[in-house]
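As stored in data-v9.cif (mmCIF, C-alpha atoms and all ligand atoms):
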```
data_protein
#
loop_
_atom_site.group_PDB
_atom_site.id
_atom_site.type_symbol
_atom_site.label_atom_id
_atom_site.label_comp_id
_atom_site.auth_asym_id
_atom_site.auth_seq_id
_atom_site.Cartn_x
_atom_site.Cartn_y
_atom_site.Cartn_z
ATOM 1 C CA VAL A 1 94.730 98.773 96.991
ATOM 2 C CA THR A 2 93.711 96.513 99.847
ATOM 3 C CA ILE A 3 93.401 97.184 103.538
ATOM 4 C CA THR A 4 94.719 94.210 105.440
ATOM 5 C CA ASP A 5 95.533 92.888 108.878
ATOM 6 C CA GLY A 6 92.430 94.123 110.695
ATOM 7 C CA ASN A 7 92.588 97.655 109.305
ATOM 8 C CA SER A 8 96.209 98.223 110.190
ATOM 9 C CA ARG A 9 98.007 98.022 106.820
ATOM 10 C CA ILE A 10 97.533 99.331 103.318
ATOM 11 C CA LEU A 11 98.881 97.290 100.430
ATOM 12 C CA ALA A 12 99.015 98.737 96.922
ATOM 13 C CA THR A 13 99.987 96.704 93.876
ATOM 14 C CA LEU A 14 100.415 97.946 90.306
ATOM 15 C CA PRO A 15 98.985 95.826 87.457
ATOM 16 C CA THR A 16 102.615 95.122 86.492
ATOM 17 C CA GLY A 17 103.380 93.591 89.912
ATOM 18 C CA GLU A 18 105.243 96.289 91.842
ATOM 19 C CA SER A 19 103.965 96.773 95.387
ATOM 20 C CA VAL A 20 104.232 98.904 98.491
ATOM 21 C CA GLU A 21 102.899 98.218 101.967
ATOM 22 C CA VAL A 22 102.317 100.840 104.657
ATOM 23 C CA LEU A 23 101.538 100.261 108.327
ATOM 24 C CA LEU A 24 99.141 102.875 109.711
ATOM 25 C CA PHE A 25 101.173 102.884 112.912
ATOM 26 C CA GLY A 26 103.775 105.515 112.092
ATOM 27 C CA ALA A 27 102.672 105.571 108.434
ATOM 28 C CA THR A 28 105.706 103.331 108.178
ATOM 29 C CA VAL A 29 106.444 101.944 104.725
ATOM 30 C CA LEU A 30 107.186 98.275 105.494
ATOM 31 C CA SER A 31 107.874 96.901 102.055
ATOM 32 C CA TRP A 32 108.601 98.024 98.514
ATOM 33 C CA LYS A 33 108.971 95.368 95.838
ATOM 34 C CA ASP A 34 109.751 95.589 92.163
ATOM 35 C CA ALA A 35 107.840 93.679 89.471
ATOM 36 C CA THR A 36 109.872 90.524 90.120
ATOM 37 C CA GLY A 37 108.969 90.587 93.816
ATOM 38 C CA ASP A 38 112.456 91.678 94.863
ATOM 39 C CA GLU A 39 112.319 93.605 98.174
ATOM 40 C CA LYS A 40 114.142 96.949 98.304
ATOM 41 C CA LEU A 41 113.700 97.809 101.995
ATOM 42 C CA TRP A 42 115.153 96.105 105.036
ATOM 43 C CA LEU A 43 112.743 95.189 107.824
ATOM 44 C CA SER A 44 113.976 93.567 111.012
ATOM 45 C CA GLU A 45 112.515 90.120 111.711
ATOM 46 C CA GLY A 46 112.168 91.378 115.293
ATOM 47 C CA ALA A 47 110.361 94.597 114.374
ATOM 48 C CA LYS A 48 107.259 95.300 116.463
ATOM 49 C CA LEU A 49 104.308 95.858 114.145
ATOM 50 C CA ASP A 50 101.634 95.996 116.848
ATOM 51 C CA GLY A 51 102.110 99.637 117.818
ATOM 52 C CA SER A 52 104.133 98.883 120.947
ATOM 53 C CA LYS A 53 107.324 100.415 119.538
ATOM 54 C CA ALA A 54 108.535 102.286 116.461
ATOM 55 C CA VAL A 55 109.177 99.893 113.576
ATOM 56 C CA ARG A 56 112.781 98.739 113.161
ATOM 57 C CA GLY A 57 113.142 98.934 109.399
ATOM 58 C CA GLY A 58 111.225 100.094 106.363
ATOM 59 C CA ILE A 59 110.775 103.875 106.321
ATOM 60 C CA PRO A 60 109.875 105.284 109.741
ATOM 61 C CA LEU A 61 109.085 109.006 109.765
ATOM 62 C CA VAL A 62 111.061 111.199 112.099
ATOM 63 C CA PHE A 63 109.129 114.301 113.290
ATOM 64 C CA PRO A 64 109.350 116.872 114.938
ATOM 65 C CA VAL A 65 112.830 116.156 116.297
ATOM 66 C CA PHE A 66 115.790 114.143 115.010
ATOM 67 C CA GLY A 67 117.335 112.125 117.824
ATOM 68 C CA VAL A 68 116.960 114.120 121.007
ATOM 69 C CA ALA A 69 117.502 117.851 121.374
ATOM 70 C CA PRO A 70 118.118 118.556 125.064
ATOM 71 C CA ASP A 71 118.957 122.191 124.242
ATOM 72 C CA HIS A 72 115.753 122.809 122.326
ATOM 73 C CA ASP A 73 113.071 123.597 124.911
ATOM 74 C CA ALA A 74 110.034 122.856 122.772
ATOM 75 C CA THR A 75 111.068 119.295 121.889
ATOM 76 C CA LYS A 76 113.145 118.219 124.844
ATOM 77 C CA ALA A 77 110.287 116.237 126.403
ATOM 78 C CA LEU A 78 109.773 114.113 123.282
ATOM 79 C CA PRO A 79 111.036 110.583 122.775
ATOM 80 C CA GLN A 80 113.998 109.985 120.434
ATOM 81 C CA HIS A 81 113.010 110.856 116.817
ATOM 82 C CA GLY A 82 109.698 112.393 117.941
ATOM 83 C CA PHE A 83 106.158 111.015 117.936
ATOM 84 C CA ALA A 84 105.208 110.591 114.252
ATOM 85 C CA ARG A 85 106.686 107.095 114.043
ATOM 86 C CA ASN A 86 104.816 106.120 117.227
ATOM 87 C CA SER A 87 101.400 107.441 116.305
ATOM 88 C CA ARG A 88 98.573 105.836 114.418
ATOM 89 C CA TRP A 89 97.931 107.729 111.194
ATOM 90 C CA GLU A 90 94.735 107.926 109.213
ATOM 91 C CA PHE A 91 94.527 106.543 105.673
ATOM 92 C CA LEU A 92 93.092 109.381 103.582
ATOM 93 C CA GLY A 93 92.744 107.504 100.323
ATOM 94 C CA LYS A 94 94.433 106.654 97.042
ATOM 95 C CA SER A 95 94.734 108.282 93.676
ATOM 96 C CA THR A 96 96.388 107.443 90.379
ATOM 97 C CA SER A 97 97.671 109.460 87.482
ATOM 98 C CA GLU A 98 97.468 108.027 83.968
ATOM 99 C CA GLY A 99 96.748 104.669 85.551
ATOM 100 C CA SER A 100 100.464 103.941 85.821
ATOM 101 C CA ASN A 101 101.079 104.748 89.453
ATOM 102 C CA VAL A 102 99.329 104.807 92.782
ATOM 103 C CA LYS A 103 99.536 107.468 95.476
ATOM 104 C CA LEU A 104 98.504 106.710 99.044
ATOM 105 C CA ASP A 105 97.809 109.617 101.411
ATOM 106 C CA PHE A 106 98.107 109.507 105.173
ATOM 107 C CA GLY A 107 97.326 112.169 107.760
ATOM 108 C CA LEU A 108 98.209 112.960 111.340
ATOM 109 C CA SER A 109 97.202 116.105 113.202
ATOM 110 C CA SER A 110 97.264 117.564 116.671
ATOM 111 C CA GLU A 111 93.558 116.655 116.980
ATOM 112 C CA SER A 112 94.214 112.968 116.433
ATOM 113 C CA LEU A 113 97.159 112.672 118.843
ATOM 114 C CA PRO A 114 96.602 110.891 122.142
ATOM 115 C CA ALA A 115 96.373 113.457 124.960
ATOM 116 C CA GLU A 116 99.624 112.387 126.587
ATOM 117 C CA THR A 117 101.544 112.940 123.337
ATOM 118 C CA ALA A 118 99.817 116.247 122.600
ATOM 119 C CA LYS A 119 100.933 117.450 126.024
ATOM 120 C CA LEU A 120 104.583 116.878 125.132
ATOM 121 C CA TRP A 121 104.336 119.049 122.007
ATOM 122 C CA PRO A 122 101.333 121.330 122.426
ATOM 123 C CA TYR A 123 101.163 122.881 118.938
ATOM 124 C CA LYS A 124 98.402 122.753 116.344
ATOM 125 C CA PHE A 125 99.730 121.038 113.259
ATOM 126 C CA GLY A 126 98.768 118.894 110.333
ATOM 127 C CA LEU A 127 100.956 116.303 108.617
ATOM 128 C CA LEU A 128 100.178 114.941 105.180
ATOM 129 C CA TYR A 129 102.330 112.055 104.040
ATOM 130 C CA SER A 130 102.069 110.732 100.489
ATOM 131 C CA VAL A 131 103.601 107.492 99.288
ATOM 132 C CA THR A 132 103.670 107.148 95.506
ATOM 133 C CA LEU A 133 104.523 103.891 93.802
ATOM 134 C CA ASP A 134 105.637 104.020 90.188
ATOM 135 C CA ARG A 135 107.003 101.188 88.101
ATOM 136 C CA GLU A 136 110.585 102.405 88.542
ATOM 137 C CA SER A 137 110.444 104.459 91.754
ATOM 138 C CA LEU A 138 108.962 105.120 95.148
ATOM 139 C CA SER A 139 108.352 108.678 96.383
ATOM 140 C CA THR A 140 107.557 109.761 99.892
ATOM 141 C CA THR A 141 106.488 113.354 100.552
ATOM 142 C CA LEU A 142 105.823 115.008 103.891
ATOM 143 C CA VAL A 143 103.914 118.280 104.200
ATOM 144 C CA VAL A 144 103.861 119.955 107.601
ATOM 145 C CA THR A 145 101.355 122.742 108.281
ATOM 146 C CA ASN A 146 101.132 125.048 111.244
ATOM 147 C CA ASP A 147 97.396 125.145 111.938
ATOM 148 C CA GLY A 148 97.677 127.170 115.124
ATOM 149 C CA ASP A 149 98.485 130.733 116.135
ATOM 150 C CA GLU A 150 101.747 129.864 117.776
ATOM 151 C CA THR A 151 104.981 129.544 115.770
ATOM 152 C CA PHE A 152 106.772 126.203 116.069
ATOM 153 C CA GLU A 153 110.113 124.752 115.025
ATOM 154 C CA CYS A 154 110.536 121.256 113.678
ATOM 155 C CA GLN A 155 112.855 118.792 112.019
ATOM 156 C CA ALA A 156 111.851 115.941 109.722
ATOM 157 C CA LEU A 157 113.560 112.874 108.305
ATOM 158 C CA LEU A 158 112.642 109.926 106.089
ATOM 159 C CA HIS A 159 114.500 107.183 107.953
ATOM 160 C CA SER A 160 114.870 104.719 105.065
ATOM 161 C CA TYR A 161 116.384 101.286 105.708
ATOM 162 C CA PHE A 162 117.592 99.748 102.428
ATOM 163 C CA LYS A 163 118.116 96.057 101.882
ATOM 164 C CA ILE A 164 121.506 95.169 100.473
ATOM 165 C CA LYS A 165 123.432 91.962 99.901
ATOM 166 C CA ASP A 166 126.705 92.759 101.662
ATOM 167 C CA ILE A 167 127.528 95.992 103.473
ATOM 168 C CA THR A 168 131.253 95.582 102.812
ATOM 169 C CA ASP A 169 130.503 95.752 99.097
ATOM 170 C CA VAL A 170 128.346 98.897 99.311
ATOM 171 C CA GLN A 171 129.249 102.435 98.387
ATOM 172 C CA VAL A 172 127.093 105.473 99.014
ATOM 173 C CA THR A 173 127.974 108.284 96.631
ATOM 174 C CA GLY A 174 126.976 111.898 96.168
ATOM 175 C CA PHE A 175 128.884 113.198 99.187
ATOM 176 C CA GLU A 176 132.286 113.819 97.669
ATOM 177 C CA ASP A 177 133.844 116.785 99.539
ATOM 178 C CA SER A 178 130.689 117.155 101.640
ATOM 179 C CA PRO A 179 130.950 118.219 105.277
ATOM 180 C CA TYR A 180 129.393 115.874 107.823
ATOM 181 C CA ASP A 181 128.864 115.655 111.559
ATOM 182 C CA ASP A 182 130.282 112.448 112.973
ATOM 183 C CA LYS A 183 127.815 111.284 115.638
ATOM 184 C CA LEU A 184 130.333 108.688 116.799
ATOM 185 C CA ASP A 185 132.945 111.371 117.460
ATOM 186 C CA GLY A 186 131.124 114.032 119.488
ATOM 187 C CA ALA A 187 129.344 115.406 116.377
ATOM 188 C CA LYS A 188 132.666 116.789 115.164
ATOM 189 C CA THR A 189 132.453 118.266 111.662
ATOM 190 C CA LYS A 190 134.598 116.467 109.096
ATOM 191 C CA SER A 191 134.869 116.333 105.330
ATOM 192 C CA GLN A 192 134.128 113.322 103.137
ATOM 193 C CA SER A 193 136.664 112.304 100.546
ATOM 194 C CA GLY A 194 135.431 109.867 97.917
ATOM 195 C CA ALA A 195 132.503 107.480 98.291
ATOM 196 C CA ILE A 196 131.238 106.304 101.678
ATOM 197 C CA THR A 197 132.266 102.723 102.394
ATOM 198 C CA PHE A 198 131.675 100.607 105.511
ATOM 199 C CA ASP A 199 134.098 98.753 107.741
ATOM 200 C CA GLY A 200 132.572 99.442 111.148
ATOM 201 C CA GLU A 201 129.747 101.344 112.821
ATOM 202 C CA LEU A 202 128.951 104.564 110.978
ATOM 203 C CA ASP A 203 126.526 107.320 112.023
ATOM 204 C CA ARG A 204 126.872 110.640 110.199
ATOM 205 C CA VAL A 205 124.818 113.646 109.220
ATOM 206 C CA TYR A 206 125.854 114.929 105.794
ATOM 207 C CA THR A 207 124.979 118.365 104.476
ATOM 208 C CA PRO A 208 126.199 118.410 100.874
ATOM 209 C CA PRO A 209 126.791 121.854 99.421
ATOM 210 C CA GLY A 210 124.098 122.847 96.928
ATOM 211 C CA GLY A 211 121.170 121.858 99.138
ATOM 212 C CA ALA A 212 119.020 119.001 97.928
ATOM 213 C CA SER A 213 120.171 119.286 94.313
ATOM 214 C CA HIS A 214 122.681 116.436 94.490
ATOM 215 C CA PRO A 215 121.358 112.915 93.977
ATOM 216 C CA VAL A 216 122.650 110.241 96.307
ATOM 217 C CA SER A 217 123.322 106.733 95.057
ATOM 218 C CA ILE A 218 123.614 103.347 96.661
ATOM 219 C CA ARG A 219 126.028 101.175 94.715
ATOM 220 C CA GLU A 220 126.658 97.463 95.175
ATOM 221 C CA GLY A 221 129.339 95.400 93.547
ATOM 222 C CA GLY A 222 130.460 98.512 91.676
ATOM 223 C CA LYS A 223 127.000 99.092 90.146
ATOM 224 C CA GLU A 224 124.495 101.796 90.941
ATOM 225 C CA ARG A 225 121.334 100.157 92.381
ATOM 226 C CA LEU A 226 119.241 102.994 93.785
ATOM 227 C CA ARG A 227 119.282 106.736 93.231
ATOM 228 C CA ILE A 228 117.691 109.024 95.799
ATOM 229 C CA VAL A 229 116.550 112.400 94.526
ATOM 230 C CA ARG A 230 115.673 114.846 97.274
ATOM 231 C CA ASP A 231 113.366 117.834 97.338
ATOM 232 C CA ASN A 232 113.937 120.444 100.046
ATOM 233 C CA LEU A 233 115.670 117.945 102.347
ATOM 234 C CA ASP A 234 119.194 119.299 102.659
ATOM 235 C CA ASP A 235 120.650 116.744 105.065
ATOM 236 C CA VAL A 236 121.280 113.045 104.670
ATOM 237 C CA VAL A 237 121.938 110.722 107.591
ATOM 238 C CA VAL A 238 123.952 107.613 106.780
ATOM 239 C CA TRP A 239 123.863 104.869 109.406
ATOM 240 C CA ASN A 240 124.975 101.290 109.889
ATOM 241 C CA PRO A 241 124.979 99.941 113.449
ATOM 242 C CA TRP A 242 127.479 97.112 112.787
ATOM 243 C CA ILE A 243 127.972 94.356 115.391
ATOM 244 C CA ASN A 244 127.778 95.912 118.853
ATOM 245 C CA LYS A 245 125.018 98.462 118.276
ATOM 246 C CA SER A 246 122.869 95.764 116.617
ATOM 247 C CA ALA A 247 123.467 93.434 119.558
ATOM 248 C CA GLY A 248 122.117 96.144 121.877
ATOM 249 C CA MET A 249 118.845 96.627 119.979
ATOM 250 C CA GLY A 250 116.249 94.137 121.202
ATOM 251 C CA ASP A 251 114.176 94.451 118.025
ATOM 252 C CA PHE A 252 117.106 94.022 115.630
ATOM 253 C CA GLU A 253 116.923 90.547 114.071
ATOM 254 C CA PRO A 254 118.712 88.581 112.848
ATOM 255 C CA LYS A 255 121.659 89.794 114.889
ATOM 256 C CA ASP A 256 123.899 89.838 111.822
ATOM 257 C CA GLY A 257 121.220 91.765 109.874
ATOM 258 C CA TRP A 258 123.547 94.795 109.797
ATOM 259 C CA LYS A 259 125.339 93.068 106.921
ATOM 260 C CA ASN A 260 122.176 93.384 104.830
ATOM 261 C CA MET A 261 121.019 96.922 105.599
ATOM 262 C CA VAL A 262 122.078 100.500 105.244
ATOM 263 C CA CYS A 263 120.147 103.569 106.300
ATOM 264 C CA VAL A 264 120.299 106.548 103.962
ATOM 265 C CA GLU A 265 117.910 109.100 105.414
ATOM 266 C CA ALA A 266 116.932 112.312 103.647
ATOM 267 C CA GLY A 267 115.888 115.022 106.058
ATOM 268 C CA SER A 268 116.029 118.502 107.440
ATOM 269 C CA VAL A 269 117.729 117.925 110.760
ATOM 270 C CA LYS A 270 120.464 120.488 111.201
ATOM 271 C CA GLY A 271 118.835 123.574 112.578
ATOM 272 C CA TRP A 272 115.073 123.945 112.591
ATOM 273 C CA GLN A 273 112.283 124.708 110.167
ATOM 274 C CA ARG A 274 110.419 127.606 111.718
ATOM 275 C CA LEU A 275 106.737 127.648 110.786
ATOM 276 C CA GLU A 276 104.545 130.594 111.634
ATOM 277 C CA LYS A 277 100.762 130.470 111.664
ATOM 278 C CA GLY A 278 99.567 128.989 108.353
ATOM 279 C CA ASP A 279 103.075 128.181 107.073
ATOM 280 C CA THR A 280 103.900 124.865 105.481
ATOM 281 C CA PHE A 281 107.086 122.917 104.976
ATOM 282 C CA GLN A 282 107.322 120.254 102.303
ATOM 283 C CA GLY A 283 110.136 117.738 101.907
ATOM 284 C CA ALA A 284 110.335 114.683 99.688
ATOM 285 C CA GLN A 285 112.462 111.902 98.312
ATOM 286 C CA THR A 286 112.112 109.835 95.175
ATOM 287 C CA ILE A 287 114.013 106.570 95.200
ATOM 288 C CA HIS A 288 114.705 105.361 91.670
ATOM 289 C CA LEU A 289 115.542 101.805 90.736
ATOM 290 C CA VAL A 290 118.564 101.916 88.474
HETATM 291 C C1 LIG B 1 119.714 107.213 113.064
HETATM 292 C C2 LIG B 1 120.593 107.949 114.039
HETATM 293 O O1 LIG B 1 119.024 108.125 112.273
HETATM 294 O O2 LIG B 1 118.762 106.435 113.795
HETATM 295 C C3 LIG B 1 121.269 106.946 114.956
HETATM 296 O O3 LIG B 1 121.552 108.720 113.340
HETATM 297 C C4 LIG B 1 120.231 106.068 115.641
HETATM 298 O O4 LIG B 1 122.047 107.639 115.913
HETATM 299 C C5 LIG B 1 119.355 105.437 114.586
HETATM 300 O O5 LIG B 1 120.896 105.081 116.403
HETATM 301 C C6 LIG B 1 118.248 104.534 115.151
HETATM 302 O O6 LIG B 1 117.472 105.192 116.089
HETATM 303 P P1 LIG B 1 116.335 104.421 116.858
HETATM 304 O O7 LIG B 1 115.708 105.428 117.798
HETATM 305 O O8 LIG B 1 115.353 103.959 115.815
HETATM 306 O O9 LIG B 1 116.980 103.286 117.562
#
```

Would you mind giving the structure from this file in structure tokens?
Amino acid sequence: VTITDGNSRILATLPTGESVEVLLFGATVLSWKDATGDEKLWLSEGAKLDGSKAVRGGIPLVFPVFGVAPDHDATKALPQHGFARNSRWEFLGKSTSEGSNVKLDFGLSSESLPAETAKLWPYKFGLLYSVTLDRESLSTTLVVTNDGDETFECQALLHSYFKIKDITDVQVTGFEDSPYDDKLDGAKTKSQSGAITFDGELDRVYTPPGGASHPVSIREGGKERLRIVRDNLDDVVVWNPWINKSAGMGDFEPKDGWKNMVCVEAGSVKGWQRLEKGDTFQGAQTIHLV
């Protein structure tokens, strides 16, 4: 494990060559490579990595609100997707089990938030985020704790951007017959038939029956490439901005980068996790190379 770039990034490499890199700003995973050096995550060439804006790509962390929730009093003052992805986290250290993996821990709490952010969401909380690199997988686990007396409600999402060769050749499976909210059609609830394929902008919140028990797969060229196993994260956002939405994002580069990315985001974003004093919520994903 090395700390690079003037204390702003943590790079961990296994003896067999796999690596993961995390930016302390947002505890954003920027890169995940297999033993051959092949990158699994998409990161915009225009992404801001200096803390001036949430990172466009990798795995930004969405907390305590997904998107904006104008009807939810406690979070309505927050920026889109909350403050976790815009805050500098603390690196708490690394550990390994059986020498074959490495786990990096990151923390963010109400005490370490800048005053102007703390004002927007005045609860006492602790976040522990663990990123575990194994030879064949990457896991990211978020634990939220209510450290105060006051109950709060939150949402959380692991906003993973995956690198792919050609979006028109991608299928996302695991949602057969699943209901979803179509964010491009007034959040209308619809039902998925068959695999998800892409031929235009797509922005949906899936809630497959059976909670987090169903694995989700990203397939390319008819072959399964990645399998996402969720723990306690019942919703999955699937997003591709396509041509026009990409054109409108200043930090989205190259402009035709939408062809090479797909977001499959495990989260708890429909409804709210209600945490009373001392309660915790834990949600995780493990992304397996297939
Ligand atoms: C997705 C949302 O999770 O994030 C989309 O479903 C949104 O609606 C996208 O456009 C990117 O959000 P942002 O704030 O990073 O531009």

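Based on all atoms listed in the file, the protein and nucleic acid residues found within 6 Å of ligand LIG 1 (chain B) are, by chain and then by number, Gln80, Asp203 and Trp239 of chain A.
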
Mind writing the picked residues with C-alpha atoms as a PDB file, in the coordinates of the input?
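As written to disk, selection_6.pdb reads:
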```
ATOM      1  CA  GLN A  80     113.998 109.985 120.434  1.00  0.00           C
ATOM      2  CA  ASP A 203     126.526 107.320 112.023  1.00  0.00           C
ATOM      3  CA  TRP A 239     123.863 104.869 109.406  1.00  0.00           C
TER       4      TRP A 239
END
```

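Residue membership of the PyMOL selection byres (((chain A and resi 232) around 12) and not hetatm) in the shown file amounts to Thr141, Leu142, Val143, Ala156, Leu157, Gly210, Gly211, Ala212, Ser213, His214, Val229, Arg230, Asp231, Leu233, Asp234, Asp235, Val236, Ala266, Gly267, Ser268, Val269, Gln273, Phe281, Gln282, Gly283, Ala284, Gln285 and Thr286 of chain A.
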
Excluding Ile164 of chain A and any residue of its chain fewer than 2 positions from it, enumerate the residues within 7 Å of it, using only C-alpha atoms, and give them as a PDB file with C-alpha atoms, in the coordinates of the input.
```pdb
ATOM      1  CA  PHE A 162     117.592  99.748 102.428  1.00  0.00           C
ATOM      2  CA  ASP A 166     126.705  92.759 101.662  1.00  0.00           C
ATOM      3  CA  ILE A 167     127.528  95.992 103.473  1.00  0.00           C
ATOM      4  CA  ASN A 260     122.176  93.384 104.830  1.00  0.00           C
ATOM      5  CA  MET A 261     121.019  96.922 105.599  1.00  0.00           C
TER       6      MET A 261
END
```

For the provided coordinates, the residues matched by the PyMOL selection byres (((chain A and resi 138) around 6) and not hetatm) should be stated as a compact mmCIF listing (two decimals) with C-alpha atoms, in the coordinates of the input.
```txt
# COMPACT_ATOMS: atom_id res chain seq x y z
CA THR A 132 103.67 107.15 95.51
CA LEU A 133 104.52 103.89 93.80
CA SER A 137 110.44 104.46 91.75
CA SER A 139 108.35 108.68 96.38
CA THR A 286 112.11 109.84 95.18
CA ILE A 287 114.01 106.57 95.20
```

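Here the residues that fall within 10 Å of (100.4, 100.7, 105.6), using only C-alpha atoms, are given as Thr2, Ile3, Thr4, Asp5, Asn7, Ser8, Arg9, Ile10, Leu11, Ala12, Val20, Glu21, Val22, Leu23, Leu24, Phe25, Gly26, Ala27, Thr28, Val29, Leu30, Ser31, Trp89, Glu90, Phe91, Leu104, Phe106 and Val131 of chain A.
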
Export of prior selection with C-alpha atoms as a JSON list (two decimals), keeping the file's coordinate frame:
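This is the output file selection_16.json:
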```
[["chain", "number", "residue", "atom", "x", "y", "z"],
["A", 2, "THR", "CA", 93.71, 96.51, 99.85],
["A", 3, "ILE", "CA", 93.40, 97.18, 103.54],
["A", 4, "THR", "CA", 94.72, 94.21, 105.44],
["A", 5, "ASP", "CA", 95.53, 92.89, 108.88],
["A", 7, "ASN", "CA", 92.59, 97.66, 109.30],
["A", 8, "SER", "CA", 96.21, 98.22, 110.19],
["A", 9, "ARG", "CA", 98.01, 98.02, 106.82],
["A", 10, "ILE", "CA", 97.53, 99.33, 103.32],
["A", 11, "LEU", "CA", 98.88, 97.29, 100.43],
["A", 12, "ALA", "CA", 99.02, 98.74, 96.92],
["A", 20, "VAL", "CA", 104.23, 98.90, 98.49],
["A", 21, "GLU", "CA", 102.90, 98.22, 101.97],
["A", 22, "VAL", "CA", 102.32, 100.84, 104.66],
["A", 23, "LEU", "CA", 101.54, 100.26, 108.33],
["A", 24, "LEU", "CA", 99.14, 102.88, 109.71],
["A", 25, "PHE", "CA", 101.17, 102.88, 112.91],
["A", 26, "GLY", "CA", 103.78, 105.52, 112.09],
["A", 27, "ALA", "CA", 102.67, 105.57, 108.43],
["A", 28, "THR", "CA", 105.71, 103.33, 108.18],
["A", 29, "VAL", "CA", 106.44, 101.94, 104.72],
["A", 30, "LEU", "CA", 107.19, 98.28, 105.49],
["A", 31, "SER", "CA", 107.87, 96.90, 102.06],
["A", 89, "TRP", "CA", 97.93, 107.73, 111.19],
["A", 90, "GLU", "CA", 94.74, 107.93, 109.21],
["A", 91, "PHE", "CA", 94.53, 106.54, 105.67],
["A", 104, "LEU", "CA", 98.50, 106.71, 99.04],
["A", 106, "PHE", "CA", 98.11, 109.51, 105.17],
["A", 131, "VAL", "CA", 103.60, 107.49, 99.29]]
```

Could you list, as a PyMOL selection string, every residue within 10 Å of Arg274 of chain A, counting all atoms listed in the file and ignoring same-chain residues fewer than 6 positions away?
chain A and resi 146+151-155+280-281

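Near Glu253 of chain A, within a cut-off of 10 Å and counting only C-alpha atoms, sit the residues Leu43, Ser44, Glu45, Gly46, Ala47, Arg56, Ser246, Ala247 and Trp258 of chain A, with same-chain residues fewer than 5 positions away left out.
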
- Message: Report as a PyMOL selection string all protein, DNA and RNA residues lying within 8 Å of Gly107 of chain A, evaluated on all atoms listed in the file, omitting residues in the same chain fewer than 2 positions from it.
- Response: chain A and resi 89-92+105+109+126-129

Between atom CA of Tyr161 of chain A and atom CA of Phe66 of chain A lies a distance of 15.9 Å

* Which polymer residues have any atom within 9 Å of an atom of Thr75 of chain A, counting only C-alpha atoms, with same-chain residues fewer than 3 positions away left out, as a ChimeraX atom specification? -> /A:64-65,68-72,78-79,82,120-121,153-154

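Taking atom CA of Glu111 of chain A and atom CA of Phe125 of chain A as endpoints, the distance between them is 8.4 Å.
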
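Separating atom CA of Gly271 of chain A from atom CA of Ser160 of chain A is a distance of 20.7 Å.
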
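Here the PyMOL selection byres (((chain A and resi 190) around 9) and not hetatm) catches exactly these residues: Ser178, Pro179, Tyr180, Asp181, Asp182, Lys188, Thr189, Ser191 and Gln192 of chain A.
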
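Distance check against Val262 of chain A using all atoms listed in the file: of A:Pro215, A:Gly6, A:Gly58, A:Gly17, the minimum falls on A:Gly58.
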
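Minimum distance to Glu276 of chain A across A:Thr145, A:Asn86, A:Gln171, A:Asn244 (counting all atoms listed in the file) occurs at A:Thr145.
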
Would you mind completing segment 26-37 of chain A to N, CA and C atoms and writing the output as a PDB file, in the frame of the given file?
```pdb
ATOM      1  N   GLY A  26     102.592 104.805 112.563  1.00  0.00           N
ATOM      2  CA  GLY A  26     103.775 105.515 112.092  1.00  0.00           C
ATOM      3  C   GLY A  26     103.734 105.878 110.613  1.00  0.00           C
ATOM      4  N   ALA A  27     102.689 105.471 109.899  1.00  0.00           N
ATOM      5  CA  ALA A  27     102.672 105.571 108.434  1.00  0.00           C
ATOM      6  C   ALA A  27     103.994 105.023 107.899  1.00  0.00           C
ATOM      7  N   THR A  28     104.406 103.922 108.502  1.00  0.00           N
ATOM      8  CA  THR A  28     105.706 103.331 108.178  1.00  0.00           C
ATOM      9  C   THR A  28     105.606 102.470 106.927  1.00  0.00           C
ATOM     10  N   VAL A  29     106.370 102.820 105.895  1.00  0.00           N
ATOM     11  CA  VAL A  29     106.444 101.944 104.725  1.00  0.00           C
ATOM     12  C   VAL A  29     107.204 100.691 105.173  1.00  0.00           C
ATOM     13  N   LEU A  30     106.565  99.526 105.026  1.00  0.00           N
ATOM     14  CA  LEU A  30     107.186  98.275 105.494  1.00  0.00           C
ATOM     15  C   LEU A  30     107.889  97.539 104.379  1.00  0.00           C
ATOM     16  N   SER A  31     107.387  97.720 103.161  1.00  0.00           N
ATOM     17  CA  SER A  31     107.874  96.901 102.055  1.00  0.00           C
ATOM     18  C   SER A  31     107.706  97.650 100.748  1.00  0.00           C
ATOM     19  N   TRP A  32     108.681  97.490  99.885  1.00  0.00           N
ATOM     20  CA  TRP A  32     108.601  98.024  98.514  1.00  0.00           C
ATOM     21  C   TRP A  32     109.256  96.991  97.602  1.00  0.00           C
ATOM     22  N   LYS A  33     108.450  96.426  96.721  1.00  0.00           N
ATOM     23  CA  LYS A  33     108.971  95.368  95.838  1.00  0.00           C
ATOM     24  C   LYS A  33     108.863  95.776  94.381  1.00  0.00           C
ATOM     25  N   ASP A  34     109.820  95.340  93.597  1.00  0.00           N
ATOM     26  CA  ASP A  34     109.751  95.589  92.163  1.00  0.00           C
ATOM     27  C   ASP A  34     108.872  94.517  91.506  1.00  0.00           C
ATOM     28  N   ALA A  35     108.761  94.563  90.189  1.00  0.00           N
ATOM     29  CA  ALA A  35     107.840  93.679  89.471  1.00  0.00           C
ATOM     30  C   ALA A  35     108.205  92.204  89.632  1.00  0.00           C
ATOM     31  N   THR A  36     109.480  91.924  89.946  1.00  0.00           N
ATOM     32  CA  THR A  36     109.872  90.524  90.120  1.00  0.00           C
ATOM     33  C   THR A  36     109.669  90.060  91.559  1.00  0.00           C
ATOM     34  N   GLY A  37     109.187  90.954  92.419  1.00  0.00           N
ATOM     35  CA  GLY A  37     108.969  90.587  93.816  1.00  0.00           C
ATOM     36  C   GLY A  37     110.201  90.818  94.689  1.00  0.00           C
TER      37      GLY A  37
END
```
